[in-house]
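Asks: My structure is in entry-v4.txt, and what it holds is compact mmCIF, C-alpha atoms:
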# COMPACT_ATOMS: atom_id res chain seq x y z
CA MET A 1 87.76 -34.83 89.77
CA LYS A 2 87.04 -38.35 88.87
CA ILE A 3 89.71 -40.96 88.49
CA PHE A 4 89.01 -43.80 86.21
CA LEU A 5 90.96 -46.98 86.48
CA LYS A 6 91.46 -48.95 83.42
CA HIS A 7 90.69 -52.59 83.80
CA LYS A 8 92.51 -54.99 81.57
CA LYS A 9 90.61 -57.94 80.36
CA ARG A 10 92.48 -61.20 80.57
CA SER A 11 92.75 -63.17 77.45
CA LEU A 12 92.93 -66.93 77.42
CA LYS A 13 96.16 -66.73 75.46
CA ASN A 14 98.07 -65.30 78.43
CA ASN A 15 96.99 -67.92 81.04
CA LYS A 16 99.92 -69.77 82.49
CA GLY A 17 99.66 -73.44 83.56
CA PHE A 18 100.23 -76.98 82.42
CA THR A 19 98.34 -78.82 79.79
CA ILE A 20 97.19 -82.38 80.24
CA ILE A 21 99.73 -83.53 77.67
CA GLU A 22 102.60 -81.93 79.59
CA LEU A 23 101.44 -83.56 82.82
CA VAL A 24 101.16 -86.98 81.17
CA VAL A 25 104.67 -86.65 79.69
CA VAL A 26 106.13 -85.75 83.11
CA PHE A 27 104.26 -88.64 84.71
CA PHE A 28 105.70 -91.13 82.20
CA ILE A 29 109.22 -89.77 82.62
CA MET A 30 108.96 -90.15 86.42
CA ALA A 31 107.47 -93.64 86.09
CA SER A 32 110.35 -94.68 83.79
CA ILE A 33 112.96 -93.40 86.24
CA LEU A 34 111.29 -95.17 89.18
CA ALA A 35 111.03 -98.41 87.19
CA VAL A 36 114.82 -98.39 86.85
CA VAL A 37 115.70 -97.15 90.35
CA ILE A 38 113.36 -99.14 92.62
CA PRO A 39 114.44 -102.69 91.65
CA GLY A 40 118.09 -101.72 92.12
CA TYR A 41 117.33 -100.22 95.50
CA LEU A 42 115.39 -103.30 96.62
CA GLU A 43 118.23 -105.59 95.53
CA TYR A 44 120.76 -103.40 97.34
CA SER A 45 118.59 -103.29 100.46
CA THR A 46 118.21 -107.09 100.51
CA LYS A 47 121.95 -107.58 100.05
CA LEU A 48 122.68 -105.11 102.84
CA ASP A 49 120.25 -106.88 105.21
CA LEU A 50 121.89 -110.24 104.44
CA GLU A 51 125.36 -108.81 105.13
CA ASN A 52 124.09 -107.31 108.40
CA LEU A 53 122.68 -110.68 109.44
CA ALA A 54 126.04 -112.33 108.74
CA LEU A 55 127.76 -109.64 110.82
CA ASP A 56 125.28 -110.20 113.68
CA VAL A 57 126.05 -113.93 113.64
CA ALA A 58 129.81 -113.31 113.56
CA LEU A 59 129.65 -110.71 116.34
CA THR A 60 127.54 -113.00 118.54
CA ILE A 61 130.12 -115.77 118.08
CA ARG A 62 132.89 -113.28 118.96
CA GLU A 63 130.94 -112.21 122.05
CA ALA A 64 130.71 -115.85 123.16
CA GLN A 65 134.46 -116.15 122.58
CA SER A 66 135.12 -113.07 124.70
CA TYR A 67 132.83 -114.31 127.50
CA GLY A 68 134.29 -117.82 127.36
CA ALA A 69 137.89 -116.61 127.49
CA GLY A 70 137.17 -115.29 130.96
CA SER A 71 135.93 -111.74 130.65
CA LYS A 72 132.40 -112.55 131.88
CA VAL A 73 131.34 -113.75 135.31
CA THR A 74 128.85 -116.61 135.08
CA LEU A 75 125.17 -115.91 135.58
CA THR A 76 124.84 -118.98 137.80
CA GLY A 77 127.21 -118.54 140.69
CA GLY A 78 129.41 -115.55 139.91
CA PHE A 79 132.52 -117.47 138.84
CA PHE A 80 134.67 -117.54 135.71
CA ASP A 81 134.33 -121.29 135.22
CA LYS A 82 131.53 -121.76 132.67
CA PRO A 83 131.89 -121.95 128.88
CA TYR A 84 129.79 -119.76 126.60
CA GLY A 85 128.51 -120.62 123.16
CA VAL A 86 126.18 -120.06 120.25
CA HIS A 87 123.63 -122.66 119.13
CA PHE A 88 122.28 -122.92 115.57
CA ASP A 89 119.43 -125.30 114.79
CA THR A 90 117.67 -126.16 111.53
CA SER A 91 114.43 -126.96 113.34
CA ASN A 92 114.05 -123.20 113.90
CA THR A 93 115.98 -121.37 111.18
CA SER A 94 114.70 -117.92 112.16
CA ARG A 95 116.76 -117.62 115.36
CA PHE A 96 120.00 -118.59 117.08
CA ILE A 97 120.85 -118.78 120.78
CA PHE A 98 123.70 -117.26 122.79
CA PHE A 99 124.03 -119.33 125.99
CA GLU A 100 126.05 -120.12 129.09
CA ASN A 101 126.95 -123.82 129.09
CA THR A 102 126.06 -124.78 132.66
CA ASN A 103 126.68 -128.48 131.97
CA THR A 104 130.38 -128.12 131.15
CA ALA A 105 130.89 -131.83 130.45
CA ASP A 106 128.81 -132.00 127.27
CA ASN A 107 130.08 -129.06 125.15
CA ILE A 108 126.64 -128.71 123.53
CA TYR A 109 123.52 -126.63 124.06
CA SER A 110 120.96 -128.47 126.18
CA GLY A 111 117.79 -127.64 128.06
CA GLY A 112 119.61 -126.99 131.33
CA ASP A 113 121.87 -124.29 129.89
CA THR A 114 121.23 -120.63 130.67
CA ILE A 115 120.07 -118.63 127.65
CA ILE A 116 121.71 -115.22 127.57
CA ASN A 117 119.98 -114.05 124.40
CA THR A 118 117.78 -115.53 121.69
CA LEU A 119 118.51 -113.59 118.53
CA ILE A 120 115.56 -113.43 116.15
CA ILE A 121 116.38 -113.18 112.46
CA LYS A 122 114.51 -110.61 110.34
CA PRO A 123 111.47 -112.15 108.57
CA GLY A 124 112.33 -113.56 105.15
CA TYR A 125 115.94 -114.33 106.12
CA PHE A 126 116.92 -117.77 107.43
CA ILE A 127 119.72 -120.10 108.38
CA ASN A 128 119.94 -122.14 105.17
CA LYS A 129 122.62 -124.77 105.84
CA LEU A 130 124.82 -125.88 108.71
CA CYS A 131 128.08 -127.49 107.65
CA THR A 132 131.18 -128.83 109.39
CA GLN A 133 134.64 -129.87 108.25
CA THR A 134 137.14 -132.30 109.73
CA GLY A 135 140.79 -132.34 108.70
CA GLY A 136 141.45 -131.52 105.05
CA ALA A 137 138.14 -132.93 103.80
CA GLY A 138 135.47 -130.68 102.31
CA TYR A 139 132.51 -129.31 104.22
CA VAL A 140 129.77 -131.78 105.05
CA CYS A 141 126.40 -130.04 105.10
CA GLY A 142 123.06 -131.21 106.40
CA ALA A 143 123.74 -130.84 110.11
CA THR A 144 120.60 -130.39 112.19
CA SER A 145 122.47 -128.28 114.73
CA ILE A 146 125.87 -126.75 115.38
CA ASP A 147 127.19 -125.56 118.74
CA ILE A 148 130.23 -123.31 118.95
CA ILE A 149 131.57 -123.16 122.52
CA TYR A 150 134.47 -121.32 124.17
CA LYS A 151 135.99 -122.49 127.48
CA ARG A 152 138.17 -120.39 129.73
CA PRO A 153 141.05 -119.58 129.35
CA ASN A 154 141.33 -120.84 125.77
CA PRO A 155 140.03 -118.63 122.90
CA ASP A 156 139.81 -121.69 120.64
CA ALA A 157 136.37 -122.97 119.64
CA ILE A 158 134.86 -126.35 120.37
CA ILE A 159 132.60 -127.10 117.38
CA SER A 160 129.93 -129.77 117.81
CA ARG A 161 127.47 -131.11 115.26
CA ASN A 162 124.03 -132.71 115.75
CA VAL A 163 124.27 -132.72 119.55
CA SER A 164 127.17 -135.20 119.30
CA GLY A 165 129.68 -133.25 121.34
CA GLY A 166 132.30 -134.24 118.78
CA ALA A 167 135.04 -131.83 117.84
CA TYR A 168 135.21 -130.49 114.28
CA ASN A 169 137.85 -128.24 112.75
CA ASN A 170 135.54 -125.78 111.00
CA ALA A 171 131.91 -124.77 110.80
CA LYS A 172 129.99 -122.92 108.11
CA ILE A 173 126.66 -121.22 108.80
CA GLU A 174 125.00 -120.38 105.48
CA LEU A 175 122.36 -117.64 105.55
CA ILE A 176 119.76 -116.97 102.84
CA SER A 177 117.70 -113.91 101.86
CA PRO A 178 114.17 -113.69 100.40
CA ASP A 179 115.61 -113.45 96.87
CA GLN A 180 117.65 -116.66 97.48
CA ALA A 181 121.04 -114.89 97.75
CA THR A 182 123.36 -116.57 100.26
CA THR A 183 126.33 -115.66 102.39
CA SER A 184 128.22 -117.69 104.98
CA VAL A 185 129.94 -117.23 108.32
CA TYR A 186 132.99 -119.46 108.83
CA VAL A 187 134.30 -120.49 112.25
CA SER A 188 137.49 -122.45 112.81
CA ASP A 189 138.54 -124.31 115.93
CA ASN A 190 141.56 -122.00 116.33
CA GLY A 191 139.23 -119.08 117.10
CA ASN A 192 138.95 -117.43 113.69
CA VAL A 193 135.55 -116.09 112.62
CA SER A 194 135.16 -114.78 109.07
CA LEU A 195 132.54 -113.92 106.46
Show me, as structure tokens, the structure contained in the file I just sent.
Replies:
Amino acid sequence: MKIFLKHKKRSLKNNKGFTIIELVVVFFIMASILAVVIPGYLEYSTKLDLENLALDVALTIREAQSYGAGSKVTLTGGFFDKPYGVHFDTSNTSRFIFFENTNTADNIYSGGDTIINTLIIKPGYFINKLCTQTGGAGYVCGATSIDIIYKRPNPDAIISRNVSGGAYNNAKIELISPDQATTSVYVSDNGNVSL
């Protein structure tokens, strides 16, 4: 007994797949969605990076305050007698320095001080302006450097401008992103640090 299998011929009408027109339409829909989403994401990402930089600056200043108030033994001698500070400089706007002030008489960052950490700022982001304020007057910008130092046992800041060693009431460190958005970190001589 012979068994014959019937073979069905496939017709072109029953083929399943996508046409070129359908693929092009899907491509244009996806491109339109991405054109709307990507710029918003990039703007959000840049804003988030700028806020994170401001937080890093504020936290480094707070760390110097904590060290200077007496919670950190000095690196040079093992005592609690050295101030700690943060140095900002417009000659190199892509970094700031956390240091131990080994020359306690000057209240500024100098070559003889011990660098605890040099914090490098993400490429494209910079320190834009350094400003100080005295009394009730407005902020005066254009400083070439600002040093914020904390001496034991006082949690108050000593704010110096342009390597003068002078005392200012407030400091403002303005940071800028690649798309020219800015944010600032504010430090007052009574120990407050805010964004």
Asks: Between CA of Ile115 (chain A) and CA of Leu50 (chain A), what is the distance, to one decimal in Å?
Replies: 24.7 Å
Asks: Write out as a PyMOL selection string each polymer residue whose atoms come within 10 Å of Asn162 (chain A), counting only C-alpha atoms; drop sequence neighbours fewer than 2 positions from it.
Replies: chain A and resi 88-89+108+130+142-147+160+164-166
Asks: Quick one, how far is CA of Leu34 (chain A) from CA of Lys47 (chain A)?
Replies: 19.6 Å
Asks: Could you list as a PyMOL selection string every residue that has an atom within 9 Å of (123.4, -122.6, 101.9), using the file's coordinates and counting only C-alpha atoms?
Replies: chain A and resi 127-131+141+173-176+182-184
Asks: Dump as a tab-separated table the rows for residues of region 99-137 of chain A within 6 Å of region 90-95 of chain A: closest atom pair and distance in Å with one decimal, only C-alpha atoms counted, ordered by chain and rising residue number.
Replies:
residue	atom	partner	partner_atom	distance
A:Leu119	CA	A:Arg95	CA	5.4
A:Ile120	CA	A:Arg95	CA	4.4
A:Ile121	CA	A:Ser94	CA	5.0
A:Phe126	CA	A:Ser94	CA	5.2
A:Ile127	CA	A:Thr93	CA	4.8
Asks: Hey, which of A:Lys122, A:Arg62, A:Lys151, A:Lys16 ends up closest to Pro83 (chain A)? Count only C-alpha atoms.
Replies: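 Looking only at the distances to Pro83 (chain A), the closest residue turns out to be A:Lys151.
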Asks: What separation in Å, quoted to one decimal, exists between CA of Asn190 (chain A) and CA of Asp156 (chain A)?
Replies: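 So the answer is 4.7 Å.
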Asks: For the point (127.7, -114.3, 110.9) in file coordinates, what residues are within 10 Å, counting only C-alpha atoms? Give the answer as a list in words?
Replies: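 The answer, in the requested form, is Leu50, Glu51, Asn52, Leu53, Ala54, Leu55, Asp56, Val57, Ala58, Leu59, Thr60, Ile61, Arg62, Lys172, Ile173, Glu174, Leu175, Thr183, Ser184, Val185, Tyr186, Val187, Val193, Ser194 and Leu195 of chain A.
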Asks: Near Ser110 (chain A), within 10 Å and counting only C-alpha atoms, which residues show up once chain neighbours fewer than 6 positions away are dropped, as a ChimeraX atom specification?
Replies: /A:87,99,101-103,163
Asks: Applying 10 Å and all atoms listed in the file, which residues near Ile159 (chain A) remain after dropping the ones on its own chain fewer than 6 positions away? List them as a ChimeraX atom specification.
Replies: /A:85-86,107-108,132-133,146-150,165-171,187-189
Asks: Extract, using all atoms listed in the file, all DNA, RNA and protein residues at most 9 Å from Asp179 (chain A), discarding same-chain residues fewer than 4 positions from it, and format them as a list of chain:residue names.
Replies: A:Glu43, A:Thr46, A:Gly124
Asks: Which residues are near Asn117 (chain A)? Cut-off 9 Å, only C-alpha atoms, ignore same chain within fewer than 5 positions. Put them as a list in words.
Replies: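 Residues meeting the cut-off are Phe96, Ile97, Phe98 and Phe99 of chain A.
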Asks: Could the residues in this selection be saved with C-alpha atoms as an mmCIF file, keeping the file's coordinate frame?
Replies:
data_model
loop_
_atom_site.group_PDB
_atom_site.id
_atom_site.type_symbol
_atom_site.label_atom_id
_atom_site.label_comp_id
_atom_site.auth_asym_id
_atom_site.auth_seq_id
_atom_site.Cartn_x
_atom_site.Cartn_y
_atom_site.Cartn_z
ATOM 1 C CA PHE A 96 120.000 -118.590 117.080
ATOM 2 C CA ILE A 97 120.850 -118.780 120.780
ATOM 3 C CA PHE A 98 123.700 -117.260 122.790
ATOM 4 C CA PHE A 99 124.030 -119.330 125.990
#
